[in-house]
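Asker: Got a structure for you, questions after.
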Amino acid sequence: MTYHEYVQCNRLTKMGSAKFDFMTAALAEKQQTQRLRSLQPLQPIDAVQVSRSGQTYLNFSSNDYLGLSKHPALIAAAQSYTAQYGTGSTASRLVTGTYEIHTQLESKLAIACGQEAALLFNSGFQANSTVLAALLDRQSLVLCDRLVHRSLIQGILASQARFIRYQHNDLNHLESQLQQAIQKSYHRILIVTETVFSMDGDQSDVSALIQLADRYQAILYLDDAHAIGMLGKNGMGLAAHQPVDLTIGTCGKAFGSFGAFVACSQPLKDYLINCCPGLIYTTALPPAVIGAIDAALDLMPSLESDRQTLQQTAAGLRHQLRSIGYDPGTSTTHLVPIWLGAESRALQLSQWLAQQGILATAIRPPTVPIDTARIRLALSSQHTQAHYRKLLDSLAQWQAATNELGI
């Protein structure tokens with residue numbers, strides 16, 4: 001039964017219904033194009049294994065790059081903060097939701113990032129979608145990398161600013177756009193990009209971006225989500241300890257917890273406190289989350305060997321993937337895509353890996369451009385050599401089988 005048929009069968013039991021025909025049509029279209037998603041609950045076993053419907057899977061789709069979500073120090077801190085401060089912060093930051101633990105953590109984050117100030121937000125998506133809207137107006141211009149995350153696009157669209165996408169990591173194209181922009185009367189110009197691109201695993205040239213922003217007096221806005229915890233001084237990201245105007249860091253990936261923060265100047269922090277709706281009108285992060293972030297931050301300097309080993313492992317994996325006929329694209333980090341092109345091939349490979357006990361989600365449009373479907377392998381310091389052997393053996397078997405069938 002198709003989604004449309006299912007809805008038609010159930011429509012008889014409901015009053016009205018025509019007002020929601022747009023939903024039926026949208027979901028039916030997604031089913032027809034094999035893009036209808038559903039939530040798939042699972043149970044975590046440890047940092048790299050999960051259970052779903054009674055089967056155990058080796059997880060290569062998690063952003064828990066250092067396995068900190070299961071680290072005893074984070075768990076203990078979350079429990080301790082809950083016992084002392086309660087389960088919720090009870091209000092927004094400007095009412096009674098700012099506890100001393102919030103401001104203390106912000107000070108520690110600012111120092112760790114080499115910036116003057118930091119400001120907590122509830123998630124990376126929330127931060128990008130509200131901070132950009134607070135920085136821009138209709139007479140502003142945004143120049144953003146073509147492959148930036150949807151949260152950044154969401155914030156730009158909310159601002160109603162004009163925006164132009166420059167070719168991916170093409171700083172010559174960016175500069176040509178900047179040269180044209182300064183001839184016009186924009187209120188302000190923002191350069192917006194990621195430091196590590198979430199779907200490709202490649203990096204932007206932060207030093208060159210800083211120079212361009214300075215040369216053309218543009219505000220430089222960097223989303224450091226996938227570099228925080230993994231790259232840079234003490235693992236604090238590629239934008240850390242550099243003259244970047246505003247950096248977004250997230251705590252739900254390598255930090256193993258939840259939430260996000262802006263690292264910036266004190267005047268910019270003051271501006272956001274007064275002018276950013278996503279900060280003003282939302283409940284502050286709960287104490288348990290603050291405790292877990294604080295514990296992760298304390299651990300970061302001690303995890304350098306884990307970070308280096310993981311990057312070396314990623315380089316070796318990319319080499320091995322190429323040797324058995326796969327394309328990891330331009331990845332240079334712990335995010336390693338397997339480019340497959342057609343959505344059907346990405347789904348087939350994901351399903352094959354699941355049959356082998358490996359969770360590796362297919363990434364398809366609209367998350368990535370059409371004809372660039374892929375499996376994105378997110379590596380963890382908790383993956384063992386045996387885990388990688390199982391992955392590579394399974395990939396080699398699928399490649400051999402599809403080659404034999406001419407698929």
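Residue names in the structure tokens use chain letters A, B, ... in the order shown, residue numbers from 1 in each chain, and ligand numbers from 1 in the order shown.
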Give me the residues within 10 Å of Leu310 (chain A) as an MDAnalysis selection string, counting only C-alpha atoms and dropping any in the same chain fewer than 6 places off.
Answerer: chainID A and resid 65:66 230 304 316 333:334 379:383
Asker: Put those residues in a file: N, CA and C atoms, as a PDB file, in the first residue's frame.
Answerer:
```pdb
ATOM      1  N   TYR A  65      32.803  11.304  17.984  1.00  0.00           N
ATOM      2  CA  TYR A  65      34.114  11.000  17.425  1.00  0.00           C
ATOM      3  C   TYR A  65      35.137  10.511  18.451  1.00  0.00           C
ATOM      4  N   LEU A  66      34.997  10.927  19.683  1.00  0.00           N
ATOM      5  CA  LEU A  66      35.947  10.529  20.726  1.00  0.00           C
ATOM      6  C   LEU A  66      35.321   9.588  21.759  1.00  0.00           C
ATOM      7  N   MET A 230      38.292  17.884  17.586  1.00  0.00           N
ATOM      8  CA  MET A 230      39.068  17.002  16.713  1.00  0.00           C
ATOM      9  C   MET A 230      40.307  17.628  16.112  1.00  0.00           C
ATOM     10  N   GLU A 304      44.951  14.406  22.780  1.00  0.00           N
ATOM     11  CA  GLU A 304      45.662  14.687  21.532  1.00  0.00           C
ATOM     12  C   GLU A 304      46.089  13.410  20.823  1.00  0.00           C
ATOM     13  N   GLY A 316      44.542   6.179   6.324  1.00  0.00           N
ATOM     14  CA  GLY A 316      44.725   4.798   5.894  1.00  0.00           C
ATOM     15  C   GLY A 316      43.458   4.207   5.304  1.00  0.00           C
ATOM     16  N   THR A 333      39.703  14.319   6.654  1.00  0.00           N
ATOM     17  CA  THR A 333      39.432  14.278   8.085  1.00  0.00           C
ATOM     18  C   THR A 333      38.824  12.934   8.485  1.00  0.00           C
ATOM     19  N   HIS A 334      38.248  12.920   9.684  1.00  0.00           N
ATOM     20  CA  HIS A 334      37.613  11.743  10.263  1.00  0.00           C
ATOM     21  C   HIS A 334      36.237  11.469   9.658  1.00  0.00           C
ATOM     22  N   LEU A 379      34.079   8.352  11.714  1.00  0.00           N
ATOM     23  CA  LEU A 379      35.010   7.502  12.452  1.00  0.00           C
ATOM     24  C   LEU A 379      35.108   7.945  13.909  1.00  0.00           C
ATOM     25  N   SER A 380      35.391   6.976  14.762  1.00  0.00           N
ATOM     26  CA  SER A 380      35.528   7.233  16.189  1.00  0.00           C
ATOM     27  C   SER A 380      36.848   6.667  16.689  1.00  0.00           C
ATOM     28  N   SER A 381      37.404   7.317  17.692  1.00  0.00           N
ATOM     29  CA  SER A 381      38.620   6.795  18.319  1.00  0.00           C
ATOM     30  C   SER A 381      38.361   5.457  19.001  1.00  0.00           C
ATOM     31  N   GLN A 382      37.088   5.112  19.185  1.00  0.00           N
ATOM     32  CA  GLN A 382      36.732   3.852  19.828  1.00  0.00           C
ATOM     33  C   GLN A 382      36.577   2.702  18.837  1.00  0.00           C
ATOM     34  N   HIS A 383      36.634   2.977  17.547  1.00  0.00           N
ATOM     35  CA  HIS A 383      36.661   1.897  16.558  1.00  0.00           C
ATOM     36  C   HIS A 383      38.015   1.196  16.631  1.00  0.00           C
TER      37      HIS A 383
END
```
Asker: I'd like to know which residues of region 99-327 of chain A are alpha helix (DSSP H) (by DSSP, run on the backbone); could you write them as a ChimeraX atom specification?
Answerer: /A:100-113,124-135,150-159,171-181,206-215,266-275,277-280,287-299,304-323
Asker: Quick one: of A:Leu340, A:Ala18, A:Ala91, A:Leu246, who's nearest to Val368 (chain A), counting only C-alpha atoms?
Answerer: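 Checking each of A:Leu340, A:Ala18, A:Ala91, A:Leu246 against Val368 (chain A), counting only C-alpha atoms, the winner is A:Leu340.
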Asker: How many Å separate CA of Asp145 (chain A) from CA of Leu222 (chain A)?
Answerer: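 Computing it gives 10.8 Å between the two atoms.
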Asker: Which is closer to Leu359 (chain A) than all the others in A:Leu94, A:Leu39, A:Ala401, A:Leu58, using only C-alpha atoms?
Answerer: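 Residue with the minimum atom-to-atom distance to Leu359 (chain A): A:Leu58.
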Asker: From the options A:Pro301, A:Gly86, A:Gly357, A:Gly201, which residue's atoms come nearest to Met236 (chain A), counting only C-alpha atoms?
Answerer: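 Once distances to Met236 (chain A) are computed over only C-alpha atoms, the minimum belongs to A:Pro301.
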Asker: Can you tell me, as JSON, numbers by chain, what residues are no more than 10 Å from Ser204 (chain A) when counting only C-alpha atoms, ignoring any on the same chain fewer than 6 positions away?
Answerer: {"A": [145, 168, 169, 170, 171, 193, 194, 195, 196, 197, 222, 238]}
Asker: Just to be explicit: take each residue in the selection above, keep C-alpha atoms, and write the result as a PDB file, in the first residue's frame.
Answerer:
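Wrote it out as out-v5.pdb, contents follow:
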```
ATOM      1  CA  ASP A 145      30.247  28.269   0.256  1.00  0.00           C
ATOM      2  CA  HIS A 168      33.031  25.039  -3.058  1.00  0.00           C
ATOM      3  CA  ASN A 169      36.336  26.037  -1.434  1.00  0.00           C
ATOM      4  CA  ASP A 170      37.091  28.260  -4.436  1.00  0.00           C
ATOM      5  CA  LEU A 171      38.562  31.372  -2.814  1.00  0.00           C
ATOM      6  CA  THR A 193      31.364  28.751   5.595  1.00  0.00           C
ATOM      7  CA  GLU A 194      32.257  25.605   7.500  1.00  0.00           C
ATOM      8  CA  THR A 195      35.762  24.659   8.612  1.00  0.00           C
ATOM      9  CA  VAL A 196      35.181  20.919   8.114  1.00  0.00           C
ATOM     10  CA  PHE A 197      32.363  20.132   5.696  1.00  0.00           C
ATOM     11  CA  LEU A 222      32.771  30.041  10.590  1.00  0.00           C
ATOM     12  CA  LEU A 238      40.349  25.146  13.153  1.00  0.00           C
TER      13      LEU A 238
END
```
Asker: Give me the residues within 8 Å of region 160-166 of chain A as a PyMOL selection string, counting only C-alpha atoms and dropping any in the same chain fewer than 3 places off.
Answerer: chain A and resi 136-146+156-157+169-170+173-174+177
Asker: Go through A:Leu285, A:Val48, A:Met199, A:Leu317 and flag the residue nearest Trp339 (chain A), using only C-alpha atoms for the distances.
Answerer: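 For Trp339 (chain A), the nearest of the candidates is A:Met199.
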Asker: For CA of Lys233 (chain A) and CA of Ser331 (chain A), quote the distance in Å rounded to one decimal.
Answerer: 20.6 Å
Asker: Just the residues within 12 Å of Gly278 (chain A), please, counting only C-alpha atoms, with nothing from its chain fewer than 2 positions along; format it as a PyMOL selection string.
Answerer: chain A and resi 92-94+119-134+155+272-276+280-284
Asker: Kindly save the residues from that selection, with N, CA and C atoms included, as an mmCIF file, in the first residue's frame.
Answerer:
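Output file again.cif follows:
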```
data_model
loop_
_atom_site.group_PDB
_atom_site.id
_atom_site.type_symbol
_atom_site.label_atom_id
_atom_site.label_comp_id
_atom_site.auth_asym_id
_atom_site.auth_seq_id
_atom_site.Cartn_x
_atom_site.Cartn_y
_atom_site.Cartn_z
ATOM 1 N N SER A 92 14.567 31.437 30.579
ATOM 2 C CA SER A 92 15.506 31.931 29.573
ATOM 3 C C SER A 92 16.672 32.652 30.259
ATOM 4 N N ARG A 93 17.722 32.888 29.482
ATOM 5 C CA ARG A 93 18.941 33.455 30.049
ATOM 6 C C ARG A 93 18.732 34.829 30.674
ATOM 7 N N LEU A 94 17.858 35.646 30.092
ATOM 8 C CA LEU A 94 17.668 37.018 30.584
ATOM 9 C C LEU A 94 16.651 37.115 31.716
ATOM 10 N N LEU A 119 29.289 32.439 24.168
ATOM 11 C CA LEU A 119 27.884 32.507 24.551
ATOM 12 C C LEU A 119 27.231 31.183 24.186
ATOM 13 N N LEU A 120 26.587 30.551 25.158
ATOM 14 C CA LEU A 120 25.966 29.244 24.949
ATOM 15 C C LEU A 120 24.663 29.353 24.172
ATOM 16 N N PHE A 121 24.420 28.354 23.315
ATOM 17 C CA PHE A 121 23.150 28.191 22.612
ATOM 18 C C PHE A 121 22.695 26.749 22.773
ATOM 19 N N ASN A 122 21.454 26.483 22.378
ATOM 20 C CA ASN A 122 20.886 25.176 22.670
ATOM 21 C C ASN A 122 21.226 24.098 21.655
ATOM 22 N N SER A 123 21.622 24.470 20.458
ATOM 23 C CA SER A 123 22.098 23.502 19.465
ATOM 24 C C SER A 123 22.796 24.264 18.353
ATOM 25 N N GLY A 124 23.561 23.554 17.554
ATOM 26 C CA GLY A 124 24.227 24.188 16.426
ATOM 27 C C GLY A 124 23.237 24.707 15.406
ATOM 28 N N PHE A 125 22.191 23.931 15.128
ATOM 29 C CA PHE A 125 21.175 24.371 14.171
ATOM 30 C C PHE A 125 20.494 25.635 14.683
ATOM 31 N N GLN A 126 20.123 25.628 15.969
ATOM 32 C CA GLN A 126 19.465 26.802 16.546
ATOM 33 C C GLN A 126 20.373 28.025 16.473
ATOM 34 N N ALA A 127 21.656 27.836 16.795
ATOM 35 C CA ALA A 127 22.592 28.966 16.769
ATOM 36 C C ALA A 127 22.701 29.554 15.369
ATOM 37 N N ASN A 128 22.943 28.709 14.374
ATOM 38 C CA ASN A 128 23.096 29.220 13.010
ATOM 39 C C ASN A 128 21.829 29.893 12.503
ATOM 40 N N SER A 129 20.679 29.311 12.810
ATOM 41 C CA SER A 129 19.440 29.848 12.264
ATOM 42 C C SER A 129 19.018 31.150 12.926
ATOM 43 N N THR A 130 19.521 31.422 14.127
ATOM 44 C CA THR A 130 19.112 32.661 14.807
ATOM 45 C C THR A 130 20.219 33.710 14.846
ATOM 46 N N VAL A 131 21.478 33.299 14.954
ATOM 47 C CA VAL A 131 22.574 34.273 15.023
ATOM 48 C C VAL A 131 22.723 35.006 13.693
ATOM 49 N N LEU A 132 22.670 34.263 12.589
ATOM 50 C CA LEU A 132 22.795 34.914 11.279
ATOM 51 C C LEU A 132 21.663 35.911 11.056
ATOM 52 N N ALA A 133 20.454 35.530 11.449
ATOM 53 C CA ALA A 133 19.321 36.447 11.292
ATOM 54 C C ALA A 133 19.502 37.707 12.125
ATOM 55 N N ALA A 134 20.189 37.594 13.266
ATOM 56 C CA ALA A 134 20.436 38.764 14.118
ATOM 57 C C ALA A 134 21.535 39.658 13.562
ATOM 58 N N GLY A 155 19.373 30.270 8.485
ATOM 59 C CA GLY A 155 19.602 31.563 9.106
ATOM 60 C C GLY A 155 19.688 32.692 8.094
ATOM 61 N N LEU A 272 24.492 40.049 20.819
ATOM 62 C CA LEU A 272 23.641 38.871 20.686
ATOM 63 C C LEU A 272 22.726 38.698 21.889
ATOM 64 N N ILE A 273 23.237 38.990 23.083
ATOM 65 C CA ILE A 273 22.399 38.896 24.286
ATOM 66 C C ILE A 273 21.190 39.822 24.175
ATOM 67 N N ASN A 274 21.375 40.950 23.519
ATOM 68 C CA ASN A 274 20.314 41.946 23.423
ATOM 69 C C ASN A 274 19.486 41.865 22.148
ATOM 70 N N CYS A 275 20.004 41.234 21.117
ATOM 71 C CA CYS A 275 19.352 41.311 19.806
ATOM 72 C C CYS A 275 19.096 39.965 19.128
ATOM 73 N N CYS A 276 19.470 38.848 19.752
ATOM 74 C CA CYS A 276 19.325 37.544 19.110
ATOM 75 C C CYS A 276 18.117 36.802 19.696
ATOM 76 N N ILE A 280 17.344 35.064 23.451
ATOM 77 C CA ILE A 280 16.466 35.805 24.357
ATOM 78 C C ILE A 280 15.231 35.001 24.752
ATOM 79 N N TYR A 281 14.672 34.255 23.791
ATOM 80 C CA TYR A 281 13.341 33.690 24.006
ATOM 81 C C TYR A 281 13.321 32.174 24.176
ATOM 82 N N THR A 282 14.427 31.580 24.559
ATOM 83 C CA THR A 282 14.424 30.130 24.765
ATOM 84 C C THR A 282 15.003 29.779 26.128
ATOM 85 N N THR A 283 14.545 28.668 26.689
ATOM 86 C CA THR A 283 15.022 28.225 27.987
ATOM 87 C C THR A 283 16.495 27.839 27.905
ATOM 88 N N ALA A 284 17.250 28.189 28.911
ATOM 89 C CA ALA A 284 18.694 27.917 28.933
ATOM 90 C C ALA A 284 18.971 26.417 29.032
#
```
Asker: Residues at most 12 Å from Thr33 (chain A), counting only C-alpha atoms, excluding those fewer than 3 positions away in the same chain, as a VMD selection string?
Answerer: chain A and resid 2 to 3 26 to 30 36 to 37 343 to 344 364 to 366
Asker: Quote the spacing between CA of Ala117 (chain A) and CA of Val262 (chain A) in Å to one decimal place.
Answerer: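 Computing it gives 8.2 Å between the two atoms.
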Asker: Once DSSP has gone over the backbone, tell me which residues of region 31-214 of chain A are in strand (DSSP E or B), as a PyMOL selection string.
Answerer: chain A and resi 43-44+49-52+55-59+92+117-121+141-145+162-166+189-194+196+203
Asker: Between A:Ala112, A:Gly235, A:Ser80, A:Ser89, single out the one closest to Ser302 (chain A), counting only C-alpha atoms.
Answerer: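 Going through A:Ala112, A:Gly235, A:Ser80, A:Ser89 one by one, the smallest distance to Ser302 (chain A) is for A:Gly235.
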Asker: For Pro287 (chain A), list every protein, DNA or RNA residue within 9 Å, evaluated using only C-alpha atoms, and leave out those in the same chain fewer than 6 positions away; present the list as a list in words.
Answerer: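 Answer for this query is Ala78, Tyr81, Thr82, Gln84, Tyr85, Gly86, Thr87, Gly88, Ser89, Tyr99, Ile101 and His102 of chain A.
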